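**Student:** Hey, dropping target-v5.cif in here, mmCIF, C-alpha atoms:
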```
data_my_file
#
loop_
_atom_site.label_atom_id
_atom_site.label_comp_id
_atom_site.auth_asym_id
_atom_site.auth_seq_id
_atom_site.Cartn_x
_atom_site.Cartn_y
_atom_site.Cartn_z
CA MET A 1 132.47 67.37 127.77
CA VAL A 2 134.08 65.70 124.73
CA ASN A 3 133.70 62.37 126.52
CA THR A 4 130.00 62.97 127.19
CA ILE A 5 129.23 63.82 123.57
CA TYR A 6 131.40 60.98 122.26
CA LEU A 7 129.71 58.39 124.50
CA GLY A 8 126.35 59.69 123.27
CA VAL A 9 127.50 59.02 119.70
CA VAL A 10 128.77 55.51 120.57
CA GLU A 11 125.52 54.60 122.34
CA ARG A 12 123.50 55.65 119.31
CA THR A 13 125.76 54.19 116.60
CA ARG A 14 122.96 51.89 115.34
CA GLU A 15 120.54 54.83 115.24
CA PHE A 16 123.02 56.91 113.23
CA GLY A 17 123.52 53.90 110.93
CA VAL A 18 119.78 53.76 110.25
CA VAL A 19 119.58 57.51 109.61
CA ILE A 20 122.53 57.27 107.17
CA ALA A 21 120.94 54.23 105.48
CA LEU A 22 117.73 56.19 105.02
CA GLY A 23 119.64 58.87 103.12
CA ALA A 24 121.19 61.39 105.53
CA ARG A 25 124.38 63.01 104.23
CA ARG A 26 127.55 63.16 106.34
CA GLY A 27 126.99 66.88 106.90
CA GLN A 28 123.48 66.28 108.25
CA ILE A 29 124.78 63.69 110.74
CA MET A 30 127.54 66.07 111.90
CA ARG A 31 124.98 68.86 112.33
CA MET A 32 122.81 66.55 114.47
CA VAL A 33 125.72 65.94 116.87
CA LEU A 34 126.70 69.64 116.95
CA THR A 35 123.09 70.69 117.55
CA GLU A 36 122.77 68.20 120.39
CA SER A 37 125.90 69.58 122.04
CA LEU A 38 124.65 73.15 121.61
CA VAL A 39 121.26 72.24 123.10
CA LEU A 40 122.98 70.47 126.02
CA CYS A 41 125.32 73.39 126.77
CA GLY A 42 122.67 75.99 125.97
CA THR A 43 120.25 74.40 128.44
CA GLY A 44 122.97 74.24 131.08
CA ALA A 45 123.89 77.86 130.42
CA ALA A 46 120.24 78.98 130.63
CA ILE A 47 119.71 77.17 133.95
CA GLY A 48 123.03 78.48 135.30
CA LEU A 49 122.28 82.02 134.14
CA THR A 50 118.83 81.98 135.73
CA LEU A 51 120.14 80.72 139.07
CA GLY A 52 123.12 83.10 138.87
CA LEU A 53 120.98 86.15 138.15
CA ALA A 54 118.56 85.23 140.94
CA THR A 55 121.49 84.95 143.37
CA LEU A 56 122.96 88.19 142.03
CA ALA A 57 119.63 90.01 142.54
CA ARG A 58 119.75 88.99 146.21
CA LEU A 59 123.43 89.81 146.68
CA ALA A 60 123.12 93.14 144.82
CA ARG A 61 121.22 94.47 147.86
CA GLY A 62 124.37 94.01 149.90
CA PHE A 63 125.93 91.13 151.81
CA ILE A 64 128.54 90.53 154.48
CA TYR A 65 130.91 87.58 154.68
CA PRO A 66 130.15 86.22 158.16
CA GLY A 67 133.06 86.78 160.55
CA VAL A 68 135.33 88.64 158.15
CA GLY A 69 133.54 92.05 157.93
CA GLU A 70 135.53 93.61 160.78
CA PHE A 71 138.78 92.17 159.51
CA TRP A 72 138.16 93.66 156.07
CA GLN A 73 137.34 97.03 157.62
CA GLU A 74 140.72 96.95 159.38
CA LEU A 75 142.24 96.52 155.92
CA GLY A 76 140.29 99.53 154.65
CA LEU A 77 137.79 97.44 152.69
CA PRO A 78 133.99 97.91 153.01
CA ALA A 79 132.26 95.48 155.36
CA VAL A 80 129.15 95.30 153.15
CA LEU A 81 129.72 94.11 149.57
CA TYR A 82 127.36 94.63 146.62
CA ALA A 83 127.34 92.09 143.80
CA HIS A 84 127.35 93.37 140.25
CA ILE A 85 127.82 91.90 136.80
CA ASP A 86 128.16 93.66 133.51
CA PRO A 87 125.90 92.45 130.63
CA VAL A 88 129.02 92.27 128.48
CA GLU A 89 130.50 89.77 130.96
CA ILE A 90 127.34 87.66 130.68
CA GLY A 91 127.65 87.79 126.90
CA ILE A 92 131.30 86.71 127.04
CA MET A 93 130.47 83.76 129.31
CA LEU A 94 127.60 82.65 127.09
CA ALA A 95 129.79 82.88 123.99
CA PHE A 96 132.50 80.90 125.82
CA THR A 97 129.97 78.20 126.78
CA LEU A 98 128.62 77.87 123.24
CA GLY A 99 132.18 77.88 121.87
CA ILE A 100 133.04 74.99 124.22
CA ALA A 101 129.90 73.18 123.03
CA VAL A 102 131.01 73.40 119.40
CA LEU A 103 134.65 72.49 120.13
CA ALA A 104 133.66 69.51 122.31
CA ALA A 105 131.34 68.16 119.59
CA LEU A 106 133.72 68.54 116.62
CA TRP A 107 135.52 65.22 116.99
CA PRO A 108 132.45 63.12 117.96
CA ALA A 109 130.55 64.75 115.06
CA ARG A 110 133.35 63.76 112.69
CA VAL A 111 133.26 60.17 114.03
CA ALA A 112 129.45 60.02 113.54
CA GLY A 113 129.68 61.56 110.08
CA ARG A 114 132.18 58.93 108.91
CA LEU A 115 130.14 55.89 110.01
CA GLU A 116 129.45 53.30 107.33
CA PRO A 117 125.73 52.41 107.43
CA VAL A 118 125.96 48.60 107.24
CA GLU A 119 128.65 48.37 109.93
CA ALA A 120 126.90 50.94 112.13
CA MET A 121 123.57 49.07 112.00
CA ARG A 122 125.33 45.87 113.14
CA PHE A 123 127.10 47.66 116.01
CA VAL A 124 126.51 46.21 119.47
CA PRO A 125 127.44 48.66 122.26
CA MET B 1 111.44 46.30 79.18
CA GLU B 2 114.29 48.38 80.61
CA SER B 3 115.58 47.00 83.91
CA LEU B 4 115.09 49.12 87.01
CA ILE B 5 118.07 47.32 88.52
CA LYS B 6 120.88 45.77 86.49
CA VAL B 7 123.76 43.98 88.18
CA ARG B 8 126.73 42.62 86.25
CA GLY B 9 129.68 40.57 87.50
CA LEU B 10 129.10 41.69 91.08
CA THR B 11 131.67 40.44 93.58
CA LYS B 12 132.05 41.43 97.21
CA ILE B 13 134.97 40.30 99.32
CA TYR B 14 135.30 41.23 102.99
CA ARG B 15 138.82 41.36 104.37
CA THR B 16 139.24 41.10 108.13
CA ASP B 17 142.33 40.19 110.14
CA GLY B 18 144.16 39.05 107.02
CA GLN B 19 141.33 36.70 106.02
CA GLU B 20 139.15 37.00 102.95
CA VAL B 21 135.46 36.14 102.97
CA VAL B 22 133.80 36.06 99.54
CA ALA B 23 130.21 37.16 100.12
CA LEU B 24 129.19 37.45 96.43
CA ARG B 25 130.80 35.90 93.36
CA ASP B 26 130.25 37.26 89.88
CA VAL B 27 126.50 37.87 90.26
CA ASP B 28 124.33 38.99 87.31
CA LEU B 29 120.73 40.07 87.93
CA ASP B 30 117.99 42.12 86.27
CA ILE B 31 114.89 43.40 88.04
CA VAL B 32 112.22 45.29 86.12
CA GLN B 33 109.86 47.98 87.44
CA GLY B 34 106.89 46.56 89.35
CA GLU B 35 108.41 43.18 90.22
CA PHE B 36 108.10 41.64 93.67
CA THR B 37 111.31 39.65 94.01
CA ALA B 38 112.59 37.58 96.90
CA LEU B 39 116.29 36.93 97.39
CA ALA B 40 116.29 33.54 99.07
CA GLY B 41 118.98 31.34 100.51
CA PRO B 42 120.47 30.15 103.79
CA SER B 43 122.28 32.43 106.22
CA GLY B 44 125.59 33.53 104.73
CA SER B 45 124.45 32.94 101.14
CA GLY B 46 124.95 36.61 100.27
CA LYS B 47 121.34 37.82 100.03
CA SER B 48 121.73 40.67 102.53
CA THR B 49 125.03 41.69 100.93
CA LEU B 50 123.36 41.81 97.51
CA LEU B 51 120.49 43.85 98.95
CA HIS B 52 122.93 46.31 100.57
CA LEU B 53 124.89 46.72 97.34
CA ILE B 54 121.75 47.26 95.23
CA GLY B 55 120.65 49.86 97.79
CA GLY B 56 123.93 51.77 97.73
CA LEU B 57 124.72 50.98 101.37
CA ASP B 58 128.08 49.47 100.49
CA HIS B 59 130.56 49.37 97.61
CA PRO B 60 131.31 46.17 95.65
CA THR B 61 134.83 44.80 95.26
CA SER B 62 134.18 44.53 91.50
CA GLY B 63 131.28 44.56 89.07
CA GLU B 64 128.60 47.02 88.06
CA ILE B 65 125.28 48.13 89.57
CA TRP B 66 122.87 50.16 87.49
CA LEU B 67 119.73 51.81 88.86
CA GLU B 68 117.32 53.35 86.34
CA GLY B 69 120.07 53.28 83.72
CA ARG B 70 122.57 55.09 85.96
CA ARG B 71 125.69 53.35 87.18
CA ILE B 72 125.86 53.72 90.98
CA ASP B 73 128.60 51.35 92.17
CA ARG B 74 131.37 53.94 92.18
CA LEU B 75 129.41 56.95 93.42
CA ASP B 76 130.68 58.67 96.55
CA HIS B 77 128.96 58.66 99.93
CA ASN B 78 126.88 61.80 99.40
CA ALA B 79 125.74 60.84 95.89
CA LEU B 80 124.63 57.43 97.16
CA ALA B 81 122.88 59.12 100.10
CA GLN B 82 120.88 61.22 97.62
CA ILE B 83 119.82 58.08 95.72
CA ARG B 84 118.83 56.32 98.96
CA LEU B 85 116.93 59.40 100.09
CA HIS B 86 114.90 59.97 96.93
CA LYS B 87 114.61 56.64 95.11
CA ILE B 88 114.83 53.81 97.64
CA GLY B 89 112.77 52.91 100.70
CA TYR B 90 114.18 50.54 103.32
CA VAL B 91 112.56 48.07 105.67
CA PHE B 92 114.86 46.36 108.16
CA GLN B 93 114.56 43.12 110.13
CA ALA B 94 114.82 44.93 113.48
CA PHE B 95 112.28 47.63 112.44
CA ASN B 96 114.87 50.33 113.31
CA LEU B 97 112.37 53.01 114.22
CA ILE B 98 113.70 55.99 116.13
CA PRO B 99 112.60 55.37 119.73
CA VAL B 100 112.04 59.01 120.77
CA LEU B 101 109.78 59.78 117.79
CA THR B 102 106.07 58.98 117.46
CA ALA B 103 104.74 56.69 114.70
CA LEU B 104 103.79 59.76 112.66
CA GLU B 105 107.22 61.37 113.13
CA ASN B 106 108.94 58.10 112.23
CA ALA B 107 106.82 57.73 109.10
CA ALA B 108 107.65 61.34 108.17
CA PHE B 109 111.36 61.09 109.02
CA VAL B 110 112.72 60.51 105.51
CA LEU B 111 110.53 63.35 104.22
CA GLU B 112 112.11 65.59 106.87
CA LEU B 113 115.56 64.60 105.59
CA GLN B 114 114.34 65.49 102.09
CA GLY B 115 113.35 68.96 103.33
CA VAL B 116 109.61 68.52 102.71
CA PRO B 117 107.67 71.21 104.67
CA ARG B 118 106.01 70.03 107.89
CA ALA B 119 102.37 70.18 106.73
CA ALA B 120 103.08 68.26 103.52
CA ARG B 121 105.20 65.60 105.19
CA GLU B 122 102.65 65.01 107.95
CA GLN B 123 99.92 64.66 105.33
CA ARG B 124 101.95 62.12 103.35
CA ALA B 125 102.99 60.24 106.51
CA ARG B 126 99.36 60.06 107.72
CA ARG B 127 98.31 58.74 104.30
CA ALA B 128 101.06 56.09 104.37
CA LEU B 129 100.12 55.03 107.91
CA ALA B 130 96.46 54.85 106.89
CA ASP B 131 97.47 52.71 103.90
CA LEU B 132 99.06 50.26 106.34
CA GLY B 133 96.03 50.23 108.65
CA MET B 134 97.75 52.31 111.33
CA THR B 135 95.24 55.15 111.67
CA GLY B 136 94.78 55.95 115.37
CA PHE B 137 98.36 54.96 116.27
CA GLU B 138 100.04 58.15 115.02
CA ALA B 139 100.90 59.52 118.47
CA ARG B 140 102.34 56.29 119.86
CA ARG B 141 106.05 55.75 120.28
CA PRO B 142 107.67 52.48 119.10
CA ASN B 143 107.73 50.99 122.62
CA GLN B 144 103.93 51.40 122.73
CA LEU B 145 103.46 49.34 119.54
CA SER B 146 103.60 45.58 118.90
CA GLY B 147 106.28 44.13 116.61
CA GLY B 148 103.84 43.88 113.71
CA GLN B 149 102.70 47.48 114.23
CA GLN B 150 106.31 48.70 114.38
CA GLN B 151 107.08 46.95 111.11
CA ARG B 152 103.98 48.54 109.54
CA VAL B 153 105.29 51.95 110.62
CA ALA B 154 108.65 51.03 109.05
CA VAL B 155 106.90 50.13 105.78
CA ALA B 156 104.90 53.38 106.01
CA ARG B 157 108.19 55.28 106.43
CA ALA B 158 109.48 53.66 103.25
CA LEU B 159 106.18 54.22 101.41
CA ALA B 160 105.79 57.89 102.47
CA GLU B 161 108.79 58.96 100.39
CA GLU B 162 107.00 57.48 97.35
CA PRO B 163 110.05 55.52 96.15
CA GLN B 164 110.25 53.42 93.00
CA LEU B 165 112.02 50.68 94.91
CA ILE B 166 111.59 49.26 98.42
CA LEU B 167 114.33 46.99 99.75
CA ALA B 168 113.43 44.82 102.72
CA ASP B 169 115.91 42.74 104.70
CA GLU B 170 114.19 39.83 106.47
CA PRO B 171 111.11 41.98 107.25
CA THR B 172 109.10 39.11 108.77
CA ALA B 173 111.90 37.45 110.76
CA ASN B 174 110.83 39.02 114.07
CA LEU B 175 107.07 38.60 113.51
CA ASP B 176 104.81 35.73 114.53
CA GLY B 177 102.90 33.66 111.94
CA ALA B 178 99.70 35.64 111.41
CA THR B 179 101.43 39.05 111.78
CA GLY B 180 104.10 38.06 109.26
CA ILE B 181 101.54 36.88 106.70
CA ALA B 182 99.47 40.06 107.16
CA LEU B 183 102.57 42.20 106.54
CA ILE B 184 103.50 40.22 103.41
CA ASP B 185 99.94 40.63 102.07
CA GLU B 186 100.14 44.39 102.73
CA MET B 187 103.44 44.61 100.84
CA ARG B 188 101.99 42.61 97.93
CA ARG B 189 98.99 44.95 97.83
CA LEU B 190 101.25 48.03 97.80
CA ASN B 191 103.20 46.42 94.97
CA ARG B 192 100.01 45.86 92.93
CA GLU B 193 98.26 49.14 93.72
CA HIS B 194 101.21 51.56 93.78
CA GLY B 195 103.47 49.77 91.29
CA VAL B 196 106.38 49.94 93.76
CA THR B 197 109.13 47.43 93.03
CA PHE B 198 109.97 45.26 96.05
CA VAL B 199 113.19 43.32 96.55
CA VAL B 200 113.05 41.29 99.75
CA ALA B 201 115.86 39.24 101.29
CA SER B 202 114.16 36.41 103.11
CA HIS B 203 114.30 32.72 103.91
CA ASP B 204 110.78 32.84 105.38
CA PRO B 205 108.64 30.22 103.56
CA ARG B 206 105.54 32.41 104.12
CA MET B 207 107.24 35.12 102.07
CA LEU B 208 108.56 32.78 99.37
CA GLU B 209 105.06 31.31 98.81
CA ARG B 210 103.66 34.76 98.06
CA VAL B 211 106.18 36.41 95.71
CA ASN B 212 106.16 36.19 91.92
CA ARG B 213 109.91 35.71 91.53
CA ILE B 214 112.50 33.98 93.69
CA VAL B 215 116.23 34.49 93.17
CA ARG B 216 118.08 31.75 95.06
CA LEU B 217 121.61 32.29 96.30
CA GLU B 218 124.12 29.80 97.66
CA ASP B 219 127.69 30.60 98.67
CA GLY B 220 127.47 34.01 97.04
CA ARG B 221 126.23 32.75 93.66
CA ILE B 222 122.78 32.83 92.06
CA VAL B 223 121.75 29.20 91.59
CA ALA B 224 118.16 29.77 90.41
CA SER B 225 116.22 32.77 89.20
#
```
For the structure just supplied, provide its representation as C-alpha cells.

**Tutor:**
Amino acid sequence: MVNTIYLGVVERTREFGVVIALGARRGQIMRMVLTESLVLCGTGAAIGLTLGLATLARLARGFIYPGVGEFWQELGLPAVLYAHIDPVEIGIMLAFTLGIAVLAALWPARVAGRLEPVEAMRFVP
Amino acid sequence: MESLIKVRGLTKIYRTDGQEVVALRDVDLDIVQGEFTALAGPSGSGKSTLLHLIGGLDHPTSGEIWLEGRRIDRLDHNALAQIRLHKIGYVFQAFNLIPVLTALENAAFVLELQGVPRAAREQRARRALADLGMTGFEARRPNQLSGGQQQRVAVARALAEEPQLILADEPTANLDGATGIALIDEMRRLNREHGVTFVVASHDPRMLERVNRIVRLEDGRIVAS
C-alpha cells in the first residue's frame, strides 16, 4: 500500500511541482496525498463491504460445506451454518482500513510536501 | 516611481557532486509596475534562474530581492507560497496544465487554492478564458486542446487570480510562428488594458521585437538593460 501511494507521488512529481509553484503550501500538498489514499482505500472498502454484505445475505439463510456436513455432525457441530456479522465488527474493519490508508500515505505525503518546485518541475520519471 | 521588483547583488550558485555552477553573478535590476520586460540571453545565461528567484521559487546564494517594498529572499517556504499564490501568476514553457481538469477547472485552480468559493472562482475563470478568446472551450481537457490553446488556458490561469505580476518562462518556445505571435499580442494587450506587469524569460525574436524593455544576460550577468 505504501509502495502504491509512493509510486503515485513519484509519477506525478512534475504535477506536484507545478501546484507548489502556483502557491500551494506544504500542508495542502500533504492533504492531497492523504485524501487520495483515503479515497482509494475508502472505495475499496465500499466495494468490498457491498460484495461482503451481499454474500452474507445469501449465507445468512444457511449453508453447508459440501462433503463435510456429516463429519461435523459426528463432532457434534451443526451441519447447516448461518453467517452473521455484528455491525460493530463492520465498524472496526472500516476504521482499520481507513487507519491503514492514513498510515500508508504518511511517508509519501511527507515526500510530496517537501518537494522543491523548480527541481520537481524538471523531474523526468 | 517605486519599483515593483528590486534586485540587489543577486548571486546564485548551484553545487552538485562537489562542483560549483554560478548561474547568476551580482545582478542588480529594477522593474516598475506596468512594465513588459523580457529577460533575454542564450541557454544557460541565467534568465530562468533570475525569473525563479524573482518569483520566490528558489532561494539565492546571496543578495536581496524586494517585491512591493518587502524583502522576500529569506522568507520560508510557506511565506513564499503565500506570495506566489496571491501576487504572482506563472506561465510555463510546457504549459503545465493539470491533465485531469477541464480548461475551466485549470483556469480556476489557483483560485481554488486561495479558497475562493466555487461560484466566484468559476465566474472569474470564465472571464479570464473569455479574455483570452477561449469561450466555448471551457469543458475541454488539455489533451483536447492545441498547444496555443493550452498556453492561453495557462495565461488565463495566471490572469484569473488578478496578480500584479505575471512571470513567464519561454512561453512561446513550444508554439509555431503564428500561434506564438498571437499569444505575445494577447499578453501585450493584457499588459496595456489590465496594467499587469509581465517579466518574460525568452530568446524568441518574435517576443523580443514586441516588448518595451529587454534585459540581456550572459554568463549570469546583466550586459544590457

**Student:** Can you check which parts of chain B lie within 10 Å of chain A? Per residue, the shortest pair of atoms and distance in Å to one decimal, counting all atoms listed in the file, sorted by chain and number, as a tab-separated table.

**Tutor:**
```
residue	atom	partner	partner_atom	distance
B:Thr49	CA	A:Val118	CA	9.4
B:His52	CA	A:Val118	CA	7.7
B:Gly55	CA	A:Ala21	CA	8.8
B:Gly56	CA	A:Ala21	CA	8.7
B:Leu57	CA	A:Pro117	CA	6.3
B:Asp58	CA	A:Val118	CA	7.1
B:His77	CA	A:Arg25	CA	7.6
B:Asn78	CA	A:Arg25	CA	5.6
B:Ala79	CA	A:Arg25	CA	8.7
B:Leu80	CA	A:Gly23	CA	7.9
B:Ala81	CA	A:Gly23	CA	4.4
B:Gln82	CA	A:Gly23	CA	6.1
B:Ile83	CA	A:Gly23	CA	7.4
B:Arg84	CA	A:Gly23	CA	4.9
B:Leu85	CA	A:Gly23	CA	4.1
B:His86	CA	A:Gly23	CA	7.9
B:Lys87	CA	A:Gly23	CA	9.7
B:Ile88	CA	A:Leu22	CA	8.3
B:Gly89	CA	A:Leu22	CA	7.3
B:Tyr90	CA	A:Leu22	CA	6.9
B:Val91	CA	A:Leu22	CA	9.6
B:Phe92	CA	A:Val18	CA	9.1
B:Ala94	CA	A:Met121	CA	9.8
B:Phe95	CA	A:Val18	CA	9.9
B:Asn96	CA	A:Val18	CA	6.7
B:Leu97	CA	A:Glu15	CA	8.4
B:Ile98	CA	A:Glu15	CA	7.0
B:Pro99	CA	A:Glu15	CA	9.1
B:Phe109	CA	A:Leu22	CA	9.0
B:Val110	CA	A:Leu22	CA	6.6
B:Leu113	CA	A:Ala24	CA	6.5
B:Gln114	CA	A:Gly23	CA	8.5
B:Arg157	CA	A:Leu22	CA	9.7
B:Ala158	CA	A:Leu22	CA	8.8
```

**Student:** What separation in Å, quoted to one decimal, exists between atom CA of B:Ile181 and atom CA of B:Leu29?

**Tutor:**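 For atom CA of B:Ile181 relative to atom CA of B:Leu29, the distance reads 27.0 Å.
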
**Student:** Calculate how many Å separate atom CA of A:Asp86 from atom CA of A:Leu98, rounding to one decimal.

**Tutor:**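 That distance, rounded to one decimal, is 18.8 Å.
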
**Student:** Mind pulling up the distance from atom CA of A:Gly8 to atom CA of A:Val124?

**Tutor:**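 One can read the atom CA of A:Val124 to atom CA of A:Gly8 distance as 14.0 Å.
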
**Student:** For the file shown, report as a PyMOL selection string the outcome of the PyMOL selection byres ((chain A and resi 105) around 9) at residue level.

**Tutor:** chain A and resi 1-2+5-6+30+33-38+100-104+106-110

**Student:** Let me know the residues the PyMOL selection byres ((chain B and resi 31) around 8) catches in the file above, as a list in words.

**Tutor:**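 What the PyMOL selection byres ((chain B and resi 31) around 8) grabs from the file is Ser3, Leu4, Ile5, Lys6, Leu29, Asp30, Val32, Gln33, Glu35 and Thr37 of chain B.
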
**Student:** Dig up all the protein and nucleic acid residues within 12 Å of (130.3, 98.3, 142.8) in the file frame, using all atoms listed in the file, and format them as a list in words.

**Tutor:**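 Selection result: Leu59, Ala60, Arg61, Gly62, Pro78, Val80, Leu81, Tyr82, Ala83, His84, Ile85 and Asp86 of chain A.
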
**Student:** Evaluate the PyMOL selection byres ((chain B and resi 13) around 9) on the structure here and hand back the selected residues as a list in words.

**Tutor:**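 When the PyMOL selection byres ((chain B and resi 13) around 9) is applied, the selected residues are Thr11, Lys12, Tyr14, Arg15, Glu20, Val21, Val22, Ala23, Leu24, Arg25, Pro60, Thr61 and Ser62 of chain B.
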
**Student:** Neighbours of B:Arg74 within 9 Å (only C-alpha atoms; same-chain residues fewer than 2 positions away dropped), as a PyMOL selection string?

**Tutor:** chain B and resi 59-60+64-65+71-72+76

**Student:** Which residue, B:Ile54, B:Leu208, B:Leu165, B:Ala103, has the smallest gap to B:Gly136 when you use only C-alpha atoms?

**Tutor:**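 Result for the nearest residue to B:Gly136: B:Ala103.
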
**Student:** From the options B:Gly220, B:Gly63, B:Gly46, B:Gly34, which residue's atoms come nearest to B:Gly9, counting only C-alpha atoms?

**Tutor:** B:Gly63

**Student:** Which one is closest to B:Ala125: B:Glu161, B:Leu183, B:Gln149, B:Ser45? Count all atoms listed in the file.

**Tutor:**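 The answer is B:Glu161, which sits nearest to B:Ala125.
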
**Student:** Check the smallest atom-to-atom distance from each of A:Thr13, A:Pro87, A:Leu56, A:Asn3 to A:Leu115 using all atoms listed in the file, then report the winner.

**Tutor:**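 So, comparing all the options, the nearest one is A:Thr13.
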
**Student:** Contacts of B:Ala173 at 8 Å or less, counting all atoms listed in the file, minus same-chain residues fewer than 2 places along, as a PyMOL selection string?

**Tutor:** chain B and resi 93+170-171+175+180+204

**Student:** Pick out the closest residue to A:Thr97 from this set: A:Met32, A:Leu77, A:Ala45, A:Leu53. Count only C-alpha atoms.

**Tutor:**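 Closest to A:Thr97 of all the choices is A:Ala45.
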
**Student:** Can stretch 59-84 of chain A be brought up to N, CA and C atoms and written out as a PDB file, in the coordinates of the input?

**Tutor:**
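Listed below is the output, out-v8.pdb:
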```pdb
ATOM      1  N   LEU A  59     122.157  89.297 146.170  1.00  0.00           N
ATOM      2  CA  LEU A  59     123.430  89.810 146.680  1.00  0.00           C
ATOM      3  C   LEU A  59     123.662  91.275 146.285  1.00  0.00           C
ATOM      4  N   ALA A  60     122.953  91.743 145.259  1.00  0.00           N
ATOM      5  CA  ALA A  60     123.120  93.140 144.820  1.00  0.00           C
ATOM      6  C   ALA A  60     122.601  94.117 145.880  1.00  0.00           C
ATOM      7  N   ARG A  61     121.749  93.605 146.783  1.00  0.00           N
ATOM      8  CA  ARG A  61     121.220  94.470 147.860  1.00  0.00           C
ATOM      9  C   ARG A  61     122.227  94.586 149.002  1.00  0.00           C
ATOM     10  N   GLY A  62     123.324  93.904 148.884  1.00  0.00           N
ATOM     11  CA  GLY A  62     124.370  94.010 149.900  1.00  0.00           C
ATOM     12  C   GLY A  62     124.466  92.740 150.713  1.00  0.00           C
ATOM     13  N   PHE A  63     125.733  92.324 150.995  1.00  0.00           N
ATOM     14  CA  PHE A  63     125.930  91.130 151.810  1.00  0.00           C
ATOM     15  C   PHE A  63     127.265  91.258 152.548  1.00  0.00           C
ATOM     16  N   ILE A  64     127.329  90.516 153.659  1.00  0.00           N
ATOM     17  CA  ILE A  64     128.540  90.530 154.480  1.00  0.00           C
ATOM     18  C   ILE A  64     129.036  89.093 154.599  1.00  0.00           C
ATOM     19  N   TYR A  65     130.347  88.906 154.426  1.00  0.00           N
ATOM     20  CA  TYR A  65     130.910  87.580 154.680  1.00  0.00           C
ATOM     21  C   TYR A  65     130.934  87.385 156.190  1.00  0.00           C
ATOM     22  N   PRO A  66     130.223  86.397 156.711  1.00  0.00           N
ATOM     23  CA  PRO A  66     130.150  86.220 158.160  1.00  0.00           C
ATOM     24  C   PRO A  66     131.551  86.092 158.776  1.00  0.00           C
ATOM     25  N   GLY A  67     131.804  86.908 159.792  1.00  0.00           N
ATOM     26  CA  GLY A  67     133.060  86.780 160.550  1.00  0.00           C
ATOM     27  C   GLY A  67     134.249  87.528 159.989  1.00  0.00           C
ATOM     28  N   VAL A  68     134.136  87.991 158.738  1.00  0.00           N
ATOM     29  CA  VAL A  68     135.330  88.640 158.150  1.00  0.00           C
ATOM     30  C   VAL A  68     135.102  90.133 157.923  1.00  0.00           C
ATOM     31  N   GLY A  69     133.862  90.641 158.191  1.00  0.00           N
ATOM     32  CA  GLY A  69     133.540  92.050 157.930  1.00  0.00           C
ATOM     33  C   GLY A  69     134.490  93.000 158.666  1.00  0.00           C
ATOM     34  N   GLU A  70     134.676  92.711 159.976  1.00  0.00           N
ATOM     35  CA  GLU A  70     135.530  93.610 160.780  1.00  0.00           C
ATOM     36  C   GLU A  70     136.987  93.541 160.306  1.00  0.00           C
ATOM     37  N   PHE A  71     137.404  92.359 159.991  1.00  0.00           N
ATOM     38  CA  PHE A  71     138.780  92.170 159.510  1.00  0.00           C
ATOM     39  C   PHE A  71     139.017  92.962 158.226  1.00  0.00           C
ATOM     40  N   TRP A  72     138.038  92.910 157.328  1.00  0.00           N
ATOM     41  CA  TRP A  72     138.160  93.660 156.070  1.00  0.00           C
ATOM     42  C   TRP A  72     138.187  95.164 156.314  1.00  0.00           C
ATOM     43  N   GLN A  73     137.371  95.596 157.310  1.00  0.00           N
ATOM     44  CA  GLN A  73     137.340  97.030 157.620  1.00  0.00           C
ATOM     45  C   GLN A  73     138.719  97.502 158.111  1.00  0.00           C
ATOM     46  N   GLU A  74     139.372  96.609 158.896  1.00  0.00           N
ATOM     47  CA  GLU A  74     140.720  96.950 159.380  1.00  0.00           C
ATOM     48  C   GLU A  74     141.676  97.122 158.210  1.00  0.00           C
ATOM     49  N   LEU A  75     141.398  96.402 157.122  1.00  0.00           N
ATOM     50  CA  LEU A  75     142.240  96.520 155.920  1.00  0.00           C
ATOM     51  C   LEU A  75     141.803  97.670 155.020  1.00  0.00           C
ATOM     52  N   GLY A  76     140.768  98.382 155.432  1.00  0.00           N
ATOM     53  CA  GLY A  76     140.290  99.530 154.650  1.00  0.00           C
ATOM     54  C   GLY A  76     139.280  99.144 153.588  1.00  0.00           C
ATOM     55  N   LEU A  77     138.789  97.886 153.667  1.00  0.00           N
ATOM     56  CA  LEU A  77     137.790  97.440 152.690  1.00  0.00           C
ATOM     57  C   LEU A  77     136.396  97.575 153.284  1.00  0.00           C
ATOM     58  N   PRO A  78     135.345  97.772 152.467  1.00  0.00           N
ATOM     59  CA  PRO A  78     133.990  97.910 153.010  1.00  0.00           C
ATOM     60  C   PRO A  78     133.503  96.593 153.615  1.00  0.00           C
ATOM     61  N   ALA A  79     132.784  96.684 154.709  1.00  0.00           N
ATOM     62  CA  ALA A  79     132.260  95.480 155.360  1.00  0.00           C
ATOM     63  C   ALA A  79     131.109  94.893 154.557  1.00  0.00           C
ATOM     64  N   VAL A  80     130.292  95.773 153.955  1.00  0.00           N
ATOM     65  CA  VAL A  80     129.150  95.300 153.150  1.00  0.00           C
ATOM     66  C   VAL A  80     129.558  95.342 151.668  1.00  0.00           C
ATOM     67  N   LEU A  81     129.373  94.201 150.998  1.00  0.00           N
ATOM     68  CA  LEU A  81     129.720  94.110 149.570  1.00  0.00           C
ATOM     69  C   LEU A  81     128.446  94.086 148.728  1.00  0.00           C
ATOM     70  N   TYR A  82     128.515  94.601 147.528  1.00  0.00           N
ATOM     71  CA  TYR A  82     127.360  94.630 146.620  1.00  0.00           C
ATOM     72  C   TYR A  82     127.746  93.926 145.328  1.00  0.00           C
ATOM     73  N   ALA A  83     127.021  92.860 145.012  1.00  0.00           N
ATOM     74  CA  ALA A  83     127.340  92.090 143.800  1.00  0.00           C
ATOM     75  C   ALA A  83     126.889  92.851 142.558  1.00  0.00           C
ATOM     76  N   HIS A  84     127.677  92.691 141.511  1.00  0.00           N
ATOM     77  CA  HIS A  84     127.350  93.370 140.250  1.00  0.00           C
ATOM     78  C   HIS A  84     127.959  92.577 139.095  1.00  0.00           C
TER      79      HIS A  84
END
```
